[in-house]
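Q: Below is the file final.txt, which contains compact mmCIF, C-alpha atoms.
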```txt
# COMPACT_ATOMS: atom_id res chain seq x y z
CA MET L 1 -39.12 18.04 -7.73
CA THR L 2 -39.80 16.47 -11.11
CA LEU L 3 -38.22 13.19 -12.22
CA GLU L 4 -36.37 15.00 -15.02
CA LEU L 5 -34.81 17.48 -12.57
CA ARG L 6 -33.82 14.64 -10.23
CA ASN L 7 -32.14 12.81 -13.09
CA LYS L 8 -30.26 15.96 -14.09
CA ARG L 9 -28.99 16.45 -10.54
CA PHE L 10 -28.01 12.79 -10.27
CA PHE L 11 -26.01 12.82 -13.49
CA LYS L 12 -24.40 16.13 -12.57
CA ARG L 13 -23.25 14.68 -9.24
CA LEU L 14 -22.09 11.50 -10.98
CA ALA L 15 -20.06 13.58 -13.47
CA VAL L 16 -18.43 15.52 -10.60
CA PHE L 17 -17.61 12.27 -8.77
CA LEU L 18 -16.10 10.66 -11.88
CA ALA L 19 -13.98 13.78 -12.41
CA ILE L 20 -12.72 13.62 -8.81
CA LEU L 21 -12.36 9.80 -8.82
CA GLY L 22 -8.76 8.64 -8.59
CA PRO L 23 -6.59 9.53 -5.57
CA GLY L 24 -8.47 7.34 -3.06
CA ILE L 25 -8.90 4.33 -5.33
CA ILE L 26 -5.34 4.48 -6.67
CA THR L 27 -3.76 4.97 -3.22
CA GLY L 28 -5.82 2.12 -1.78
CA SER L 29 -5.10 -0.25 -4.66
CA VAL L 30 -1.35 0.35 -4.59
CA ASP L 31 -1.34 -1.00 -1.02
CA ASN L 32 -1.94 -4.41 -2.62
CA ASP L 33 1.52 -4.38 -4.18
CA ALA L 34 4.01 -7.23 -4.60
CA GLY L 35 5.13 -6.89 -0.97
CA GLY L 36 1.53 -6.86 0.19
CA ILE L 37 0.58 -9.87 -1.94
CA THR L 38 3.62 -11.72 -0.60
CA THR L 39 2.70 -10.86 3.00
CA TYR L 40 -0.97 -11.85 2.53
CA SER L 41 0.05 -15.07 0.74
CA VAL L 42 2.51 -16.10 3.47
CA ALA L 43 -0.03 -15.21 6.18
CA GLY L 44 -2.68 -17.38 4.51
CA ALA L 45 -0.29 -20.29 3.95
CA ILE L 46 1.07 -20.28 7.52
CA TYR L 47 -1.94 -19.19 9.61
CA GLY L 48 -4.85 -20.17 7.37
CA TYR L 49 -7.84 -17.89 7.95
CA ASN L 50 -6.70 -16.89 11.44
CA LEU L 51 -5.18 -13.50 10.59
CA ILE L 52 -8.04 -12.27 8.37
CA TRP L 53 -9.40 -10.36 11.38
CA THR L 54 -6.49 -7.88 11.06
CA LEU L 55 -8.14 -6.53 7.90
CA ILE L 56 -11.15 -5.19 9.85
CA PRO L 57 -9.29 -2.68 12.08
CA SER L 58 -6.94 -1.95 9.16
CA PHE L 59 -9.94 -1.01 6.99
CA ILE L 60 -11.31 1.42 9.59
CA VAL L 61 -7.91 3.02 10.21
CA LEU L 62 -7.22 3.20 6.46
CA ILE L 63 -10.38 5.25 5.84
CA VAL L 64 -9.73 7.57 8.79
CA ILE L 65 -6.09 8.19 7.83
CA GLN L 66 -6.76 8.78 4.12
CA GLU L 67 -9.61 11.16 4.97
CA MET L 68 -7.16 13.16 7.12
CA ASN L 69 -4.69 13.27 4.23
CA ALA L 70 -7.31 14.41 1.73
CA ARG L 71 -8.64 17.06 4.10
CA MET L 72 -5.15 18.40 4.85
CA GLY L 73 -4.25 18.51 1.17
CA ILE L 74 -7.48 20.29 0.19
CA VAL L 75 -7.36 22.83 3.05
CA THR L 76 -3.63 23.68 2.98
CA GLY L 77 -2.74 23.02 -0.66
CA LYS L 78 0.51 21.53 0.69
CA GLY L 79 1.88 18.00 0.82
CA LEU L 80 2.43 16.17 4.12
CA ALA L 81 6.22 16.29 3.68
CA ASP L 82 6.11 20.06 3.16
CA LEU L 83 4.06 20.52 6.34
CA ILE L 84 6.38 18.26 8.37
CA ARG L 85 9.43 20.28 7.29
CA GLU L 86 7.75 23.59 8.10
CA ASN L 87 6.71 22.47 11.58
CA ALA L 88 9.41 19.97 12.66
CA GLY L 89 12.47 21.61 11.09
CA VAL L 90 14.93 20.40 8.48
CA LYS L 91 17.07 18.25 10.82
CA ALA L 92 14.19 16.14 12.19
CA THR L 93 12.72 15.89 8.69
CA PHE L 94 16.03 14.61 7.32
CA PHE L 95 16.23 11.67 9.77
CA ILE L 96 12.54 10.75 9.36
CA PHE L 97 12.84 10.76 5.60
CA LEU L 98 16.15 8.91 5.54
CA GLY L 99 14.41 5.91 7.16
CA LEU L 100 11.47 6.23 4.77
CA PHE L 101 13.80 6.50 1.76
CA ILE L 102 15.66 3.30 2.71
CA GLY L 103 12.36 1.52 3.30
CA ASP L 104 10.97 2.67 -0.04
CA ILE L 105 14.02 1.43 -1.94
CA GLY L 106 13.34 -1.96 -0.34
CA ASN L 107 9.65 -1.67 -1.25
CA THR L 108 10.42 -0.75 -4.87
CA THR L 109 12.86 -3.66 -5.09
CA THR L 110 10.02 -5.87 -3.88
CA GLU L 111 7.80 -4.62 -6.72
CA PHE L 112 10.39 -5.64 -9.32
CA ALA L 113 10.78 -8.96 -7.51
CA GLY L 114 7.03 -9.36 -8.11
CA VAL L 115 7.52 -8.63 -11.81
CA ALA L 116 10.37 -11.17 -11.99
CA GLY L 117 8.48 -13.84 -10.04
CA SER L 118 5.17 -13.51 -11.88
CA MET L 119 6.77 -13.56 -15.32
CA ASP L 120 8.93 -16.52 -14.29
CA VAL L 121 5.72 -18.46 -13.60
CA LEU L 122 4.61 -17.53 -17.13
CA GLY L 123 8.00 -18.61 -18.57
CA VAL L 124 9.83 -15.28 -19.00
CA THR L 125 13.24 -14.72 -17.37
CA LYS L 126 13.77 -11.72 -15.07
CA TYR L 127 16.66 -10.53 -17.24
CA ILE L 128 14.09 -9.70 -19.92
CA SER L 129 10.96 -8.79 -17.93
CA VAL L 130 12.50 -6.48 -15.29
CA PRO L 131 14.47 -4.11 -17.61
CA ILE L 132 11.52 -3.83 -20.05
CA VAL L 133 9.04 -3.02 -17.26
CA ALA L 134 11.48 -0.54 -15.67
CA ILE L 135 11.86 1.33 -18.97
CA LEU L 136 8.08 1.40 -19.61
CA VAL L 137 7.41 2.62 -16.06
CA TRP L 138 10.05 5.35 -16.43
CA LEU L 139 8.60 6.51 -19.76
CA LEU L 140 5.05 6.66 -18.35
CA VAL L 141 6.09 9.04 -15.55
CA VAL L 142 8.79 11.10 -17.25
CA LYS L 143 7.13 11.48 -20.66
CA GLY L 144 3.46 11.17 -19.68
CA THR L 145 0.98 13.50 -17.92
CA TYR L 146 -0.93 13.10 -14.67
CA LYS L 147 -4.23 12.57 -16.52
CA ILE L 148 -2.83 9.76 -18.71
CA ALA L 149 -1.07 8.12 -15.75
CA GLU L 150 -4.20 8.29 -13.59
CA ARG L 151 -6.33 6.54 -16.23
CA ILE L 152 -3.78 3.72 -16.52
CA PHE L 153 -3.60 3.44 -12.72
CA LEU L 154 -7.40 3.15 -12.46
CA LEU L 155 -7.34 0.34 -15.04
CA PHE L 156 -4.67 -1.45 -12.98
CA SER L 157 -6.83 -1.00 -9.85
CA ILE L 158 -9.77 -2.78 -11.47
CA SER L 159 -7.49 -5.59 -12.72
CA LEU L 160 -6.58 -6.51 -9.13
CA LEU L 161 -10.10 -7.89 -8.62
CA MET L 162 -8.97 -11.01 -10.50
CA TYR L 163 -7.78 -12.30 -7.11
CA VAL L 164 -11.43 -12.86 -6.27
CA VAL L 165 -11.58 -15.38 -9.13
CA SER L 166 -8.39 -17.10 -7.97
CA ALA L 167 -9.73 -17.44 -4.42
CA LEU L 168 -13.13 -18.80 -5.46
CA MET L 169 -11.44 -21.49 -7.57
CA GLY L 170 -9.78 -22.72 -4.36
CA LYS L 171 -13.26 -23.53 -2.93
CA PRO L 172 -12.91 -21.78 0.47
CA GLU L 173 -14.87 -22.91 3.55
CA TRP L 174 -16.95 -19.85 4.45
CA SER L 175 -18.05 -21.18 7.85
CA GLU L 176 -14.40 -21.65 8.86
CA ILE L 177 -13.60 -18.13 7.65
CA GLY L 178 -16.40 -16.68 9.79
CA SER L 179 -15.26 -18.66 12.82
CA ALA L 180 -11.62 -17.61 12.36
CA ILE L 181 -12.59 -13.93 12.16
CA VAL L 182 -14.62 -14.13 15.39
CA ARG L 183 -12.26 -16.48 17.27
CA PRO L 184 -8.82 -16.59 15.64
CA GLN L 185 -6.42 -19.24 16.95
CA PHE L 186 -2.66 -18.78 16.61
CA ALA L 187 0.41 -18.91 18.83
CA VAL L 188 1.63 -15.52 20.05
CA ASN L 189 5.35 -15.44 19.30
CA GLY L 190 7.94 -13.38 17.41
CA GLN L 191 6.85 -14.79 14.05
CA SER L 192 3.14 -14.09 14.50
CA ILE L 193 3.76 -10.57 15.89
CA ALA L 194 6.11 -9.78 12.96
CA MET L 195 3.43 -11.07 10.59
CA ILE L 196 0.72 -8.88 12.17
CA ILE L 197 3.00 -5.82 11.99
CA GLY L 198 3.74 -6.73 8.37
CA LEU L 199 0.01 -7.06 7.55
CA VAL L 200 -0.74 -3.67 9.10
CA GLY L 201 2.41 -2.17 7.55
CA THR L 202 1.46 -3.30 4.06
CA THR L 203 -2.21 -2.32 4.40
CA ILE L 204 -1.35 1.13 5.80
CA ALA L 205 2.08 1.99 4.38
CA PRO L 206 3.90 5.23 5.37
CA TRP L 207 4.52 6.31 1.76
CA MET L 208 0.77 6.03 1.12
CA LEU L 209 0.11 9.01 3.40
CA PHE L 210 2.40 11.23 1.35
CA TYR L 211 1.14 10.03 -2.02
CA MET L 212 -2.53 10.49 -1.11
CA GLN L 213 -2.04 14.09 -0.03
CA SER L 214 0.18 14.92 -3.02
CA SER L 215 -2.28 13.39 -5.52
CA VAL L 216 -5.17 15.45 -4.06
CA ILE L 217 -3.08 18.59 -4.63
CA GLU L 218 -1.97 17.44 -8.10
CA LYS L 219 -5.64 16.94 -9.04
CA GLY L 220 -6.48 20.45 -7.79
CA LEU L 221 -9.35 19.44 -5.47
CA LYS L 222 -11.12 22.08 -3.36
CA MET L 223 -13.28 21.91 -0.21
CA LYS L 224 -16.45 21.87 -2.37
CA ASN L 225 -15.20 18.50 -3.69
CA TYR L 226 -14.57 17.09 -0.19
CA LYS L 227 -17.64 14.81 0.10
CA TYR L 228 -16.89 13.23 -3.29
CA SER L 229 -13.27 12.76 -2.24
CA VAL L 230 -14.45 10.86 0.85
CA ILE L 231 -16.57 8.55 -1.33
CA ASP L 232 -13.51 7.97 -3.54
CA ILE L 233 -11.51 7.05 -0.40
CA ILE L 234 -14.18 4.65 0.90
CA VAL L 235 -14.42 2.89 -2.48
CA GLY L 236 -10.62 2.61 -2.65
CA CYS L 237 -10.27 1.29 0.91
CA THR L 238 -13.05 -1.23 0.34
CA ALA L 239 -11.37 -2.51 -2.83
CA THR L 240 -8.03 -2.74 -0.97
CA VAL L 241 -9.42 -4.88 1.83
CA VAL L 242 -11.54 -7.05 -0.48
CA VAL L 243 -8.47 -7.92 -2.61
CA ALA L 244 -6.35 -8.57 0.51
CA PHE L 245 -9.12 -10.78 1.95
CA PHE L 246 -9.31 -12.95 -1.18
CA ILE L 247 -5.52 -13.31 -1.44
CA ILE L 248 -5.41 -14.66 2.13
CA VAL L 249 -8.41 -16.88 1.41
CA ALA L 250 -6.86 -18.23 -1.82
CA CYS L 251 -3.71 -19.35 0.03
CA ALA L 252 -5.45 -20.46 3.22
CA SER L 253 -7.99 -22.68 1.43
CA THR L 254 -5.32 -24.42 -0.65
CA LEU L 255 -1.75 -24.10 0.63
CA HIS L 256 -2.52 -24.09 4.37
CA LYS L 257 -4.93 -26.99 4.02
CA SER L 258 -2.25 -29.00 2.21
CA GLY L 259 0.53 -28.00 4.63
CA ILE L 260 2.51 -26.21 1.90
CA GLN L 261 4.83 -23.45 3.14
CA ILE L 262 5.85 -20.58 0.88
CA ASN L 263 8.30 -17.69 1.04
CA GLU L 264 6.94 -15.38 -1.66
CA ALA L 265 3.91 -14.72 -3.86
CA LYS L 266 5.54 -16.52 -6.79
CA ASP L 267 5.59 -19.74 -4.70
CA ALA L 268 1.86 -19.29 -4.07
CA ALA L 269 1.13 -19.01 -7.80
CA LEU L 270 3.17 -22.16 -8.54
CA ALA L 271 1.68 -24.13 -5.64
CA LEU L 272 -1.89 -23.28 -6.67
CA LYS L 273 -1.49 -25.14 -9.99
CA PRO L 274 -1.87 -28.72 -8.69
CA LEU L 275 -4.37 -27.67 -6.00
CA ALA L 276 -6.75 -25.29 -7.80
CA GLY L 277 -5.80 -25.72 -11.44
CA LYS L 278 -3.61 -24.04 -14.07
CA ILE L 279 -6.07 -21.16 -14.58
CA ALA L 280 -6.07 -20.24 -10.87
CA SER L 281 -2.26 -20.33 -10.88
CA HIS L 282 -1.97 -18.08 -13.95
CA VAL L 283 -4.65 -15.68 -12.68
CA PHE L 284 -2.74 -15.35 -9.40
CA ALA L 285 0.55 -14.78 -11.27
CA PHE L 286 -0.98 -12.24 -13.65
CA GLY L 287 -2.53 -10.38 -10.71
CA LEU L 288 0.93 -10.24 -9.12
CA PHE L 289 2.37 -8.91 -12.39
CA ILE L 290 -0.25 -6.13 -12.69
CA ALA L 291 0.12 -5.18 -9.02
CA SER L 292 3.91 -5.10 -9.32
CA ILE L 293 3.94 -2.81 -12.38
CA PHE L 294 1.32 -0.58 -10.76
CA SER L 295 3.30 -0.21 -7.54
CA ALA L 296 6.70 -0.03 -9.25
CA THR L 297 5.34 3.14 -10.85
CA ILE L 298 3.59 4.68 -7.84
CA LEU L 299 6.00 3.84 -5.02
CA PRO L 300 9.16 5.58 -6.31
CA LEU L 301 6.88 8.36 -7.57
CA ALA L 302 5.51 8.87 -4.04
CA THR L 303 9.06 8.81 -2.64
CA ALA L 304 10.26 11.41 -5.16
CA PHE L 305 7.19 13.52 -4.35
CA TYR L 306 7.62 13.61 -0.57
CA ILE L 307 11.40 14.07 -0.57
CA SER L 308 11.09 16.91 -3.11
CA GLU L 309 8.34 18.51 -1.02
CA ALA L 310 10.29 18.08 2.21
CA PHE L 311 13.32 19.95 0.90
CA GLY L 312 11.55 22.52 -1.26
CA PHE L 313 12.20 21.06 -4.73
CA GLU L 314 9.71 21.34 -7.58
CA ALA L 315 7.69 18.13 -8.08
CA GLY L 316 4.92 16.81 -10.34
CA ILE L 317 4.30 14.50 -13.30
CA ASP L 318 2.97 17.41 -15.36
CA LYS L 319 6.29 19.24 -15.04
CA LYS L 320 9.11 18.74 -17.54
CA TRP L 321 12.54 17.41 -16.47
CA LYS L 322 14.16 20.87 -16.63
CA GLU L 323 11.36 22.27 -14.41
CA ALA L 324 11.76 19.58 -11.71
CA PRO L 325 15.24 18.01 -12.15
CA GLU L 326 15.59 16.85 -8.51
CA PHE L 327 12.17 15.16 -8.60
CA TYR L 328 12.89 13.21 -11.79
CA THR L 329 16.47 12.39 -10.73
CA LEU L 330 15.20 10.89 -7.48
CA TYR L 331 12.55 8.89 -9.33
CA THR L 332 15.05 7.58 -11.87
CA SER L 333 17.65 6.75 -9.18
CA ILE L 334 15.19 4.65 -7.16
CA LEU L 335 14.17 2.70 -10.28
CA VAL L 336 17.81 2.08 -11.25
CA ILE L 337 18.83 0.95 -7.74
CA ALA L 338 15.81 -1.37 -7.34
CA THR L 339 16.26 -2.86 -10.81
CA GLY L 340 19.99 -3.38 -10.20
CA ILE L 341 19.34 -5.26 -6.93
CA ILE L 342 16.80 -7.55 -8.62
CA LEU L 343 19.20 -8.43 -11.43
CA LEU L 344 21.94 -9.52 -8.97
CA PRO L 345 22.23 -13.35 -9.19
CA ASN L 346 21.83 -14.13 -5.46
CA ALA L 347 19.94 -11.12 -4.10
CA PRO L 348 17.95 -12.01 -0.90
CA LEU L 349 14.63 -10.99 -2.46
CA ILE L 350 12.38 -12.84 -0.01
CA GLN L 351 14.01 -11.21 3.04
CA ILE L 352 13.88 -7.78 1.36
CA SER L 353 10.19 -8.27 0.59
CA LEU L 354 9.02 -9.39 4.04
CA TRP L 355 11.23 -7.08 6.10
CA SER L 356 10.38 -4.03 3.99
CA GLN L 357 6.76 -4.59 5.10
CA VAL L 358 7.84 -4.93 8.74
CA LEU L 359 9.89 -1.72 8.36
CA ASN L 360 6.74 -0.04 7.04
CA GLY L 361 4.94 -1.08 10.22
CA LEU L 362 7.77 0.24 12.41
CA LEU L 363 7.99 3.60 10.59
CA LEU L 364 4.23 4.13 10.36
CA PRO L 365 3.77 5.40 13.98
CA VAL L 366 6.43 8.10 13.42
CA VAL L 367 4.65 9.45 10.33
CA LEU L 368 1.21 9.14 11.99
CA VAL L 369 2.32 11.14 15.02
CA CYS L 370 3.52 13.94 12.74
CA MET L 371 0.32 13.84 10.71
CA ILE L 372 -2.11 13.84 13.65
CA LEU L 373 -0.26 16.69 15.36
CA LEU L 374 -0.47 18.72 12.14
CA VAL L 375 -4.13 18.02 11.39
CA ASN L 376 -5.06 19.22 14.90
CA LYS L 377 -3.33 22.62 14.52
CA LYS L 378 -5.90 25.38 14.05
CA GLU L 379 -3.32 27.70 12.51
CA ILE L 380 -2.90 25.11 9.74
CA MET L 381 -6.40 23.60 9.39
CA GLY L 382 -8.66 26.37 10.73
CA GLU L 383 -12.18 25.00 11.33
CA TYR L 384 -11.25 21.70 9.64
CA VAL L 385 -9.18 20.25 12.50
CA ASN L 386 -9.80 16.64 13.54
CA LYS L 387 -12.96 15.54 15.29
CA PRO L 388 -12.53 13.53 18.55
CA ILE L 389 -13.32 10.19 16.85
CA ASN L 390 -10.52 10.75 14.30
CA ASN L 391 -8.04 11.41 17.11
CA ILE L 392 -9.19 8.38 19.13
CA ILE L 393 -8.71 6.04 16.16
CA GLY L 394 -5.42 7.68 15.11
CA TRP L 395 -3.79 7.67 18.55
CA SER L 396 -5.09 4.14 19.29
CA THR L 397 -3.46 2.91 16.07
CA ILE L 398 -0.16 4.50 17.06
CA GLY L 399 -0.36 2.96 20.54
CA ILE L 400 -1.09 -0.54 19.18
CA LEU L 401 1.69 -0.36 16.57
CA VAL L 402 4.23 0.87 19.12
CA GLY L 403 3.13 -1.89 21.52
CA LEU L 404 3.51 -4.56 18.83
CA SER L 405 6.91 -3.17 17.82
CA VAL L 406 8.13 -3.27 21.43
CA MET L 407 6.81 -6.84 21.79
CA LEU L 408 8.64 -7.84 18.61
CA LEU L 409 11.91 -6.43 19.96
CA LEU L 410 11.44 -7.94 23.43
CA MET L 411 10.04 -11.33 22.34
CA PRO L 412 13.47 -13.09 22.25
CA ILE L 413 14.16 -11.93 25.83
CA ILE L 414 10.65 -12.89 27.03
CA THR L 415 10.97 -16.33 25.38
CA ARG L 416 14.38 -16.92 26.98
CA ILE L 417 13.06 -15.98 30.46
CA TRP L 418 9.94 -18.13 29.98
CA ASN L 419 11.98 -21.17 28.92
CA SER L 420 14.25 -20.81 31.95
CA PHE L 421 11.38 -21.64 34.32
```
How would this structure read if it were set down as structure tokens?

A:
Amino acid sequence: MTLELRNKRFFKRLAVFLAILGPGIITGSVDNDAGGITTYSVAGAIYGYNLIWTLIPSFIVLIVIQEMNARMGIVTGKGLADLIRENAGVKATFFIFLGLFIGDIGNTTTEFAGVAGSMDVLGVTKYISVPIVAILVWLLVVKGTYKIAERIFLLFSISLLMYVVSALMGKPEWSEIGSAIVRPQFAVNGQSIAMIIGLVGTTIAPWMLFYMQSSVIEKGLKMKNYKYSVIDIIVGCTATVVVAFFIIVACASTLHKSGIQINEAKDAALALKPLAGKIASHVFAFGLFIASIFSATILPLATAFYISEAFGFEAGIDKKWKEAPEFYTLYTSILVIATGIILLPNAPLIQISLWSQVLNGLLLPVVLVCMILLVNKKEIMGEYVNKPINNIIGWSTIGILVGLSVMLLLMPIITRIWNSF
């Protein structure tokens, strides 16, 4: 094969990949939303480097789960919500999605809390920043197209890498990080278990599974595009975990070392100023702002997608309001509710943020069970059913999450019994 022919083939493959690029990277990047940044920041401030190890199994599971979603979407041409309704029935679907809907309102509220907090650090009140962002986000989805939205989302994804800069300015101790990953040291109690569930819940969020599959369908991918879709997923998952790693490192190397406790990502941005400098503080705050806008767009969009799919309504950014009224009404309602909560004077934003991530972790096993059962059905997937390794990782994840959830619920009883001896 001549060099010229090789170059032609390379650029042809690159062009195909760039055309397919999007669903994996966007879905992965949105996981690093305001709630995720808050959870990573609090984990770094409280536990230092000792919970970084959770990112390793999360990374593996994230790739496996998103690959399942992409494969199901490509093979069936249907969203996950649609498949759940067809196979579990309307009644079971209603109760599953009611919990997810409540959780996603909390998650969307968290995104606008991120907008409010980040702009407050930069000197702008939430009564100005939140309504303006909400209107811009609404216009992008309702008046824009999928292609335009996807390009903006990819730009947002790249912007999240600024957390690497913020972390490096904190001068982390790499030997301590390596030691903490290999031999983490932390007390096992209700707080640490809730934090681990929150870290997993924000890295692998239930709504992510629905959005990934819907975006593959929206993009019109076919099985001939599958290998490029997998590369897209791996790149997206890698970016997700890298950003999460550096957020934890930024807070662990500064706040934890100084004994500073925080409740939200905004506190982390403010606390970084005297420890790592004004630039590090503003970079952290701006990263939170970008992530919050990004996720405030995607999260309610994903919710509107999967609820519309579950109950047979038309859905899609490329459709006009009159073609998909239920879809756009759901999207608008979630934005209005979340914005309204944020603008309340004494709204418990910190509790909403942290517990929405824990709720993600509690709901995730339910959605995973549905998904793994579906992807193993030959009448649905044909020859593209799961391989044994996919099932081992998937069912192990469900078992671990259920075990952690049970421990979280039983921890107060266990502690009381232990203290009685």

Q: Between atom CA of L:Ile279 and atom CA of L:Gly198, what is the distance in Å, rounded to a tenth?

A: 28.8 Å

Q: To one decimal place in Å, what is the distance between atom CA of L:Met68 and atom CA of L:Ile197?

A: 22.1 Å

Q: If you take every atom of stretch 204-207 of chain L that the file lists and fit an axis-aligned box around them with 3 Å extra on each side, what centre and edge lengths come out in Å to one decimal, as JSON?

A:
```
{"center_x": 1.6, "center_y": 3.7, "center_z": 3.8, "size_x": 11.9, "size_y": 11.2, "size_z": 10.0}
```

Q: What is the atom CA of L:Cys251 to atom CA of L:Ile193 distance in Å?

A: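 For atom CA of L:Cys251 relative to atom CA of L:Ile193, the distance reads 19.6 Å.
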
Q: For stretch 365-368 of chain L, please output as number ranges by chain all residues within 12 Å (counting all atoms listed in the file; exclusion window: fewer than 5 positions along the same chain).

A: L: 61-62, 64-66, 68-69, 80-81, 83-84, 88, 92-93, 95-97, 99-100, 197, 200-201, 204-210, 359-360, 373-375, 391, 393-405

Q: What's around L:Phe327 at 7 Å? Count only C-alpha atoms, leave out sequence neighbours fewer than 5 positions away in its own chain, and write the answer as a ChimeraX atom specification.

A: /L:304-305,308,314-315

Q: Compile the contact shell of L:Asn107 as a VMD selection string: residues with an atom at most 10 Å away, counting all atoms listed in the file, same-chain residues fewer than 4 positions apart removed.

A: chain L and resid 33 to 36 101 to 103 111 to 113 202 207 295 to 296 299 to 300 338 352 to 357 359 to 360

Q: Take the residues from that selection and put them in a file with C-alpha atoms, as a CSV table (one decimal), keeping the file's coordinate frame.

A:
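That gives us part-v2.csv:
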```csv
chain,number,residue,atom,x,y,z
L,33,ASP,CA,1.5,-4.4,-4.2
L,34,ALA,CA,4.0,-7.2,-4.6
L,35,GLY,CA,5.1,-6.9,-1.0
L,36,GLY,CA,1.5,-6.9,0.2
L,101,PHE,CA,13.8,6.5,1.8
L,102,ILE,CA,15.7,3.3,2.7
L,103,GLY,CA,12.4,1.5,3.3
L,111,GLU,CA,7.8,-4.6,-6.7
L,112,PHE,CA,10.4,-5.6,-9.3
L,113,ALA,CA,10.8,-9.0,-7.5
L,202,THR,CA,1.5,-3.3,4.1
L,207,TRP,CA,4.5,6.3,1.8
L,295,SER,CA,3.3,-0.2,-7.5
L,296,ALA,CA,6.7,0.0,-9.2
L,299,LEU,CA,6.0,3.8,-5.0
L,300,PRO,CA,9.2,5.6,-6.3
L,338,ALA,CA,15.8,-1.4,-7.3
L,352,ILE,CA,13.9,-7.8,1.4
L,353,SER,CA,10.2,-8.3,0.6
L,354,LEU,CA,9.0,-9.4,4.0
L,355,TRP,CA,11.2,-7.1,6.1
L,356,SER,CA,10.4,-4.0,4.0
L,357,GLN,CA,6.8,-4.6,5.1
L,359,LEU,CA,9.9,-1.7,8.4
L,360,ASN,CA,6.7,0.0,7.0
```

Q: For L:Thr303, which residue out of L:Leu98, L:Val385, L:Leu139, L:Ile60 is the nearest one, using only C-alpha atoms?

A: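 Smallest separation from L:Thr303 among the options: L:Leu98.
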
Q: Which residue, L:Asn386, L:Thr339, L:Ser214, L:Ser58, has the smallest gap to L:Gly106 when you use only C-alpha atoms?

A: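 Of L:Asn386, L:Thr339, L:Ser214, L:Ser58, the one nearest L:Gly106, counting only C-alpha atoms, is L:Thr339.
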
Q: Write out as a ChimeraX atom specification which residues come within 9 Å of L:Lys78 when counting all atoms listed in the file, dropping same-chain ones fewer than 5 positions away.

A: /L:72-73,83,213-214,217,309

Q: Identify which of the residues L:Ile177, L:Ala250, L:Leu140, L:Leu335 lies closest to L:Ala45, counting only C-alpha atoms when measuring atom-to-atom distances.

A: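 Comparing L:Ile177, L:Ala250, L:Leu140, L:Leu335 against L:Ala45, the winner is L:Ala250.
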
Q: I'd like the neighbourhood of L:Ser129 as number ranges by chain, where a residue qualifies if any of its atoms comes within 7 Å (using only C-alpha atoms), though same-chain residues fewer than 5 positions away should be ignored.

A: L: 116, 119, 124

Q: Between L:Ala310, L:Ala167, L:Ile389, L:Val249, single out the one closest to L:Asn87, counting all atoms listed in the file.

A: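 Checking each of L:Ala310, L:Ala167, L:Ile389, L:Val249 against L:Asn87, counting all atoms listed in the file, the winner is L:Ala310.
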